[in-house]
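The next block holds one structure in the form of structure tokens; read it before the comments.
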Amino acid sequence: MSRKIIFPLQFCNETNFIKICIEYGLILEKGKNMGSEIYFSKDHELVRKAVRDFVNKEINPNVDEWEEKGSAPLHDLFKKMGDLGFLGIRYDEKYGGEGLDYWYETVVMEELARIHCGGVPMAIAVQMSMATPAIDEFGSEYLKETYLKPAIQGDMVSAIAVTEPDAGSDVAALKTYAKKDGDSYILNGSKTFITNGIQADFLTLLARTSDDPGYHSFSLFVVPTNLPGFNVSKKLDKMGMRSSDTAELYFDDMRVPAENLIGTEGQGFIHQMMQFQHERFAVLPLTYISAKDIIDETVEYLKGRIVFGKPLIKKQVLRHRLAEWLSEIECLKQLTYHIVRMKMAGQDVSKEISMGKLFGGSLLSKVADGCLQMYGGIGLMNEMRISRVYRDSRLLSIGGGASEVMSDVIAKLEGY
Amino acid sequence: MTQVEQKTGFDEYFTKEHQQLRMALRDVIKKEVLPNINEWEEAGEFPASLYPMFGELGFLGIGFPEELGGTGGDVFDLVVANEELMRSGSGGFAAGIGSLNIALPPIVKKGTEEQKERFVKPVLEGKRIAALGITEPGGGSDVASLQTTAVKDGGSYVVNGAKTFITSGARADQLTCAVRTGVAGAHGISFLLMEKDMPGYSVGKCLKKTGWWASDTAEIFFDNCRVPAENLIGEENMGFYTIMENFQMERLQLCIMANVTAQLALEEAWKYTKEREAFGKPLQGFQVTRHKLADMATLVDVSREYTYRIAAKINAGIDQVKEISMAKNFACSVSDKVTYDAVQLFGGYGYMREYLVERLYRDNRILSIGGGTTEIMKEIISKLM
């Protein structure tokens with residue numbers, strides 16, 4: 001930086017100071033983010049633009065209709081995304097993936113967060129980061145060819161089936177049983193809150209394979225939904241995430257071929273814990289981008305809303321609230337980038353991801369609630385995006401491991 | 001009865017008559033409302049036949065003078081009525097059936113005998129539905145800037161403009177409507193009684209909202225709507241003060257709504273965490289759960305007792321504008337936190353529509369916006385300090 005510039009700091013107020021800084025190129029224009037350039041190259045930005053264009057053209061114009069309908073046409077949507085290479089960004093090219101790294105995955109998730117609802121990004125995240133990582137990491141060649149490849153190409157819709165009516169966060173309490181019988185397993189039990197459950201072609205399912213207590217009694221399977229014995233008991237009606245179909249499923253003497261076992265029998269719980277890390281990581285970009293996005297939209301509203309003679313954005317109380325949220329959002333974003341760097345370096349990130357999810361879940365709820373308050377009565381109307389964000393955001397501290405479970409994980413990993 | 005269930009009041013505030021009213025209303029809610037409330041929530045309204053039914057039983061007239069067909073009573077009768085209506089678990093139902101409680105007081109206080117005869121009596125009998133119209137598409141909290149105009153023309157006013165977020169607006173036969181009759185600002189506002197069948201009065205479609213689904217909330221439009229001058233309530237250009245006076249009781253009702261919402265969420269969470277097992281024991285076996293429930297119960301208790309205290313002072317005729325604003329903010333912050341925590345304790349089920357806590361969470365969100373936002377309450381409090 002040139003040393004010739006001397007600021008007459010004592011003569012300029014804050015606004016002048018910022019103007020001068022911009023003029024001399026010391027800081028970028030207001031609202032422009034310089035920080036992310038450290039991590040993202042031109043190639044990342046090309047991917048970013050491709051996903052953003054797709055979201056704007058193929059997804060956002062349809063979101064209202066899908067929300068109203070209570071589901072999105074996943075086969076159609078995933079096919080288009082598969083053709084563009086979005087679904088297998090991190091996966092091996094051998095199975096149709098792009099073979100790119102975690103930074104690219106982060107870019108894709110950041111752009112999916114710009115979808116005008118939570119339900120559709122959640123459905124996509126299931127396909128990319130919740131139901132397929134275990135097949136990629138632990139699955140046989142057969143499973144990768146038969147399920148991972150079509151999932152990456154968008155020919156099959158996947159779902160992750162862990163939660164049961166009596167076991168959510170307490171995964172070890174699962175009752176669904178897969179009993180070995182010759183060259184297949186016979187599956188009995190039920191699963192609930194299954195995202196994509198109505199449309200899924202296969203489930204990545206965690207079941208008990210032994211009655212012994214402890215974590216080595218579970219196995220992970222790929223369960224095709226077209227086999228006899230598979231049933232959808234009901235479609236669930238939810239507070240938010242309306243465009244995502246969520247189902248309760250049950251399995252009645254369903255015969256699943258033994259070759260559909262992912263990895264090793266008895267290792268399912270461990271496999272799933274690894275898979276959860278991908279799921280929870282995917283939530284982070286969704287959180288800080290949606291939070292920032294809804295703040296931007298709210299600020300536009302506040303600029304135009306004249307109350308007691310001036311625009312609401314001029315109210316100090318509101319400006320300070322926004323500043324606080326932006327600070328917290330920035331913290332979450334930088335924690336996420338830190339996690340990506342750790343992942344790139346091959347380090348274990350379970351604790352950091354849990355911290356991110358714990359912090360992010362309540363952050364998005366808080367921002368959504370606060371932005372709705374700034375809108376006032378109109379914010380409660382379904383036609384406003386903020387009312388949807390408010391309803392959708394409530395799930396984040398519950399799904400994929402509730403805040404309480406995140407806190408347990410963090411405390412355990414700290415050795416308490 | 002669980003330990004957390006609300007005690008039915010301390011003698012200092014509630015007499016035997018109050019308790020009888022509570023039991024009578026609770027009984028009717030249990031028989032007539034609870035079995036159908038889920039269906040009404042989905043339908044976006046409750047049957048209009050409930051108005052005459054509640055009118056006949058005398059529930060609509062609670063707190064209104066007997067000579068107008070009311071059943072009389074004091075502020076605590078209103079407290080009891082609001083608490084029991086909220087026990088339906090539907091803020092929309094309580095707000096809808098109770099919209100007369102905000103629509104009629106200006107007429108009762110400032111109206112002529114003829115107005116009371118025509119616009120109060122039939123509403124208390126449940127034969128007509130009444131709504132209050134203040135908020136406009138361009139302005140909510142900033143009441144003094146309202147833009148619906150009423151221009152005097154011979155023996156009538158010609159009204160132009162629009163009102164929005166009107167509770168019971170879709171079905172209301174009459175609207176106690178704030179209009180601009182004079183200069184800009186607070187000194188140019190009057191109240192007019194408008195009727196559904198007046199030419200130029202039209203109702204938009206029911207608004208779809210986060211919560212309060214059982215309430216028909218609508219936008220109302222006035223296009224050269226001619227209103228007879230005798231429909232003016234009180235003096236011309238003095239309406240702002242009537243609005244402000246009316247707000248005190250509306251805010252008391254909102255406090256009660258928030259308190260009961262929180263109370264119900266607490267009760268539900270208590271029952272659920274007692275039964276639901278995780279990691280081999282009931283959720284209440286976890287210290288974090290117990291402490292969370294303890295916090296919830298503490299807040300609910302403090303908020304309810306504070307509200308009762310303010311109600312007692314209002315009952316004694318003491319001005320409580322500042323205190324009721326404090327009570328509303330406190331009660332809403334309590335119900336925000338308690339409904340959030342209740343959903344959290346229910347886990348995934350708390351996110352499902354078939355569970356009461358899901359509705360309580362959605363219904364609650366309006367309470368810190370309607371009847372004056374939290375921010376407006378703070379402005380009032382700071383001005384009166």
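Every chain in the structure tokens takes a letter, A first, then B, and so on in the order presented; its residues are numbered from 1, and the ligands are numbered from 1 following the presented order.
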Per-residue nearest contacts of chain A to chain B (6 Å; only C-alpha atoms) as a Markdown table:
```
| residue | atom | partner | partner_atom | distance |
| --- | --- | --- | --- | --- |
| A:Asp170 | CA | B:Ala278 | CA | 5.7 |
| A:Asp237 | CA | B:Arg353 | CA | 5.6 |
| A:Lys238 | CA | B:Met352 | CA | 4.4 |
| A:Met239 | CA | B:Tyr351 | CA | 5.4 |
| A:Gly376 | CA | B:Ile369 | CA | 5.9 |
| A:Leu380 | CA | B:Thr210 | CA | 5.2 |
| A:Met381 | CA | B:Lys209 | CA | 4.2 |
| A:Asn382 | CA | B:Lys209 | CA | 5.0 |
| A:Ile398 | CA | B:Gly347 | CA | 5.8 |
```
Let's have the selection written as a PDB file, in the first residue's frame, with C-alpha atoms.
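So the final result, stored in again-v7.pdb, reads:
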```
ATOM      1  CA  ASP A 170     -30.523 -41.771  20.238  1.00  0.00           C
ATOM      2  CA  ASP A 237     -47.408 -32.666   7.280  1.00  0.00           C
ATOM      3  CA  LYS A 238     -44.794 -30.270   8.602  1.00  0.00           C
ATOM      4  CA  MET A 239     -44.423 -26.752   9.999  1.00  0.00           C
ATOM      5  CA  GLY A 376     -44.032  -6.495  11.021  1.00  0.00           C
ATOM      6  CA  LEU A 380     -46.506 -13.274   8.851  1.00  0.00           C
ATOM      7  CA  MET A 381     -48.147 -13.622   5.446  1.00  0.00           C
ATOM      8  CA  ASN A 382     -47.336 -16.763   3.490  1.00  0.00           C
ATOM      9  CA  ILE A 398     -33.535 -30.476  15.292  1.00  0.00           C
TER      10      ILE A 398
END
```
Apply DSSP to the backbone of this structure and, from stretch 369-413 of chain A, keep only the residues in helix (DSSP H, G or I); write these as an MDAnalysis selection string.
chainID A and resid 369:380 385:397 403:413
Resulting file, chosen residues, C-alpha atoms, as a tab-separated table (two decimals), in the first residue's frame:
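The resulting file, again.tsv, is reproduced below:
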```
chain	number	residue	atom	x	y	z
A	369	ASP	CA	-37.30	-14.41	13.71
A	370	GLY	CA	-35.64	-11.01	13.90
A	371	CYS	CA	-36.09	-10.22	10.21
A	372	LEU	CA	-39.76	-11.21	10.45
A	373	GLN	CA	-40.11	-8.78	13.33
A	374	MET	CA	-38.66	-6.01	11.16
A	375	TYR	CA	-41.24	-6.72	8.47
A	376	GLY	CA	-44.03	-6.49	11.02
A	377	GLY	CA	-47.48	-7.91	10.22
A	378	ILE	CA	-46.75	-8.45	6.52
A	379	GLY	CA	-43.93	-10.80	7.56
A	380	LEU	CA	-46.51	-13.27	8.85
A	385	ARG	CA	-40.42	-15.24	1.73
A	386	ILE	CA	-39.53	-14.34	5.32
A	387	SER	CA	-42.54	-16.24	6.68
A	388	ARG	CA	-41.27	-19.33	4.86
A	389	VAL	CA	-37.70	-18.87	6.11
A	390	TYR	CA	-39.12	-18.52	9.63
A	391	ARG	CA	-40.96	-21.85	9.40
A	392	ASP	CA	-38.19	-23.64	7.50
A	393	SER	CA	-35.37	-22.51	9.77
A	394	ARG	CA	-36.88	-24.10	12.87
A	395	LEU	CA	-35.83	-27.53	11.64
A	396	LEU	CA	-32.11	-26.79	11.62
A	397	SER	CA	-31.62	-27.20	15.37
A	403	SER	CA	-28.62	-29.12	19.25
A	404	GLU	CA	-28.58	-31.21	22.41
A	405	VAL	CA	-26.84	-34.03	20.56
A	406	MET	CA	-24.33	-31.57	19.08
A	407	SER	CA	-23.59	-30.34	22.58
A	408	ASP	CA	-23.11	-33.91	23.79
A	409	VAL	CA	-20.71	-34.61	20.93
A	410	ILE	CA	-18.69	-31.47	21.62
A	411	ALA	CA	-18.45	-32.22	25.35
A	412	LYS	CA	-17.41	-35.81	24.67
A	413	LEU	CA	-14.79	-34.79	22.15
```
Which residues, written as a PyMOL selection string, have at least one atom at most 9 Å from B:Leu175, with only C-alpha atoms counted and residues fewer than 2 positions away on the same chain left out? chain B and resi 103+129-133+169+172-173+177+192-196
Students should find that atom CA of B:Lys383 and atom CA of B:Glu250 are spaced 19.9 Å
For stretch 203-259 of chain B against stretch 96-101 of chain B, with a cut-off of 12 Å and counting only C-alpha atoms, what is the closest atom pair and its distance in Å to one decimal for every residue that makes the cut, ordered by chain and number, as JSON lines?
```
{"residue": "B:Trp212", "atom": "CA", "partner": "B:Gly96", "partner_atom": "CA", "distance": 8.9}
{"residue": "B:Trp213", "atom": "CA", "partner": "B:Gly96", "partner_atom": "CA", "distance": 10.0}
{"residue": "B:Ala214", "atom": "CA", "partner": "B:Gly96", "partner_atom": "CA", "distance": 7.6}
{"residue": "B:Ser215", "atom": "CA", "partner": "B:Gly96", "partner_atom": "CA", "distance": 5.1}
{"residue": "B:Asp216", "atom": "CA", "partner": "B:Gly96", "partner_atom": "CA", "distance": 7.1}
{"residue": "B:Thr217", "atom": "CA", "partner": "B:Gly96", "partner_atom": "CA", "distance": 8.6}
{"residue": "B:Ala218", "atom": "CA", "partner": "B:Gly96", "partner_atom": "CA", "distance": 11.7}
{"residue": "B:Asn246", "atom": "CA", "partner": "B:Asn101", "partner_atom": "CA", "distance": 9.5}
{"residue": "B:Phe247", "atom": "CA", "partner": "B:Asn101", "partner_atom": "CA", "distance": 10.9}
{"residue": "B:Gln248", "atom": "CA", "partner": "B:Asn101", "partner_atom": "CA", "distance": 11.7}
{"residue": "B:Met249", "atom": "CA", "partner": "B:Asn101", "partner_atom": "CA", "distance": 8.5}
{"residue": "B:Glu250", "atom": "CA", "partner": "B:Asn101", "partner_atom": "CA", "distance": 7.8}
{"residue": "B:Arg251", "atom": "CA", "partner": "B:Asn101", "partner_atom": "CA", "distance": 11.3}
{"residue": "B:Leu252", "atom": "CA", "partner": "B:Asn101", "partner_atom": "CA", "distance": 11.2}
{"residue": "B:Gln253", "atom": "CA", "partner": "B:Asn101", "partner_atom": "CA", "distance": 9.0}
{"residue": "B:Leu254", "atom": "CA", "partner": "B:Gly98", "partner_atom": "CA", "distance": 11.4}
{"residue": "B:Met257", "atom": "CA", "partner": "B:Gly98", "partner_atom": "CA", "distance": 11.4}
```
Could the residues in this selection be written to a file with N, CA and C atoms, as a CSV table (one decimal), in the first residue's frame?
```csv
chain,number,residue,atom,x,y,z
B,212,TRP,N,-52.5,-18.6,13.4
B,212,TRP,CA,-53.9,-18.1,13.5
B,212,TRP,C,-54.7,-18.5,12.3
B,213,TRP,N,-54.5,-19.8,11.9
B,213,TRP,CA,-55.2,-20.2,10.7
B,213,TRP,C,-56.7,-20.2,10.8
B,214,ALA,N,-57.3,-20.5,12.0
B,214,ALA,CA,-58.7,-20.5,12.2
B,214,ALA,C,-59.4,-19.2,12.1
B,215,SER,N,-58.6,-18.1,12.1
B,215,SER,CA,-59.1,-16.8,12.0
B,215,SER,C,-59.2,-16.3,10.6
B,216,ASP,N,-60.3,-15.8,10.2
B,216,ASP,CA,-60.4,-15.2,8.8
B,216,ASP,C,-59.9,-13.8,8.8
B,217,THR,N,-58.6,-13.7,8.4
B,217,THR,CA,-58.0,-12.4,8.4
B,217,THR,C,-58.0,-11.9,7.0
B,218,ALA,N,-58.4,-10.6,6.8
B,218,ALA,CA,-58.6,-10.2,5.4
B,218,ALA,C,-58.2,-8.7,5.2
B,246,ASN,N,-58.2,2.1,23.6
B,246,ASN,CA,-58.6,0.8,23.3
B,246,ASN,C,-57.4,-0.2,23.3
B,247,PHE,N,-56.2,0.3,23.0
B,247,PHE,CA,-55.0,-0.5,22.9
B,247,PHE,C,-54.7,-1.1,24.3
B,248,GLN,N,-55.1,-0.4,25.4
B,248,GLN,CA,-54.7,-0.9,26.7
B,248,GLN,C,-55.4,-2.3,27.0
B,249,MET,N,-56.7,-2.4,26.6
B,249,MET,CA,-57.3,-3.7,26.8
B,249,MET,C,-56.9,-4.7,25.8
B,250,GLU,N,-56.7,-4.2,24.6
B,250,GLU,CA,-56.2,-5.2,23.6
B,250,GLU,C,-54.9,-5.8,24.0
B,251,ARG,N,-54.0,-5.0,24.6
B,251,ARG,CA,-52.7,-5.5,25.0
B,251,ARG,C,-52.8,-6.4,26.2
B,252,LEU,N,-53.8,-6.1,27.1
B,252,LEU,CA,-54.0,-7.1,28.2
B,252,LEU,C,-54.4,-8.4,27.6
B,253,GLN,N,-55.3,-8.4,26.6
B,253,GLN,CA,-55.7,-9.7,26.0
B,253,GLN,C,-54.5,-10.4,25.4
B,254,LEU,N,-53.6,-9.6,24.7
B,254,LEU,CA,-52.5,-10.2,24.1
B,254,LEU,C,-51.5,-10.8,25.1
B,257,MET,N,-53.0,-14.1,26.0
B,257,MET,CA,-52.8,-15.0,24.9
B,257,MET,C,-51.4,-15.6,25.0
```
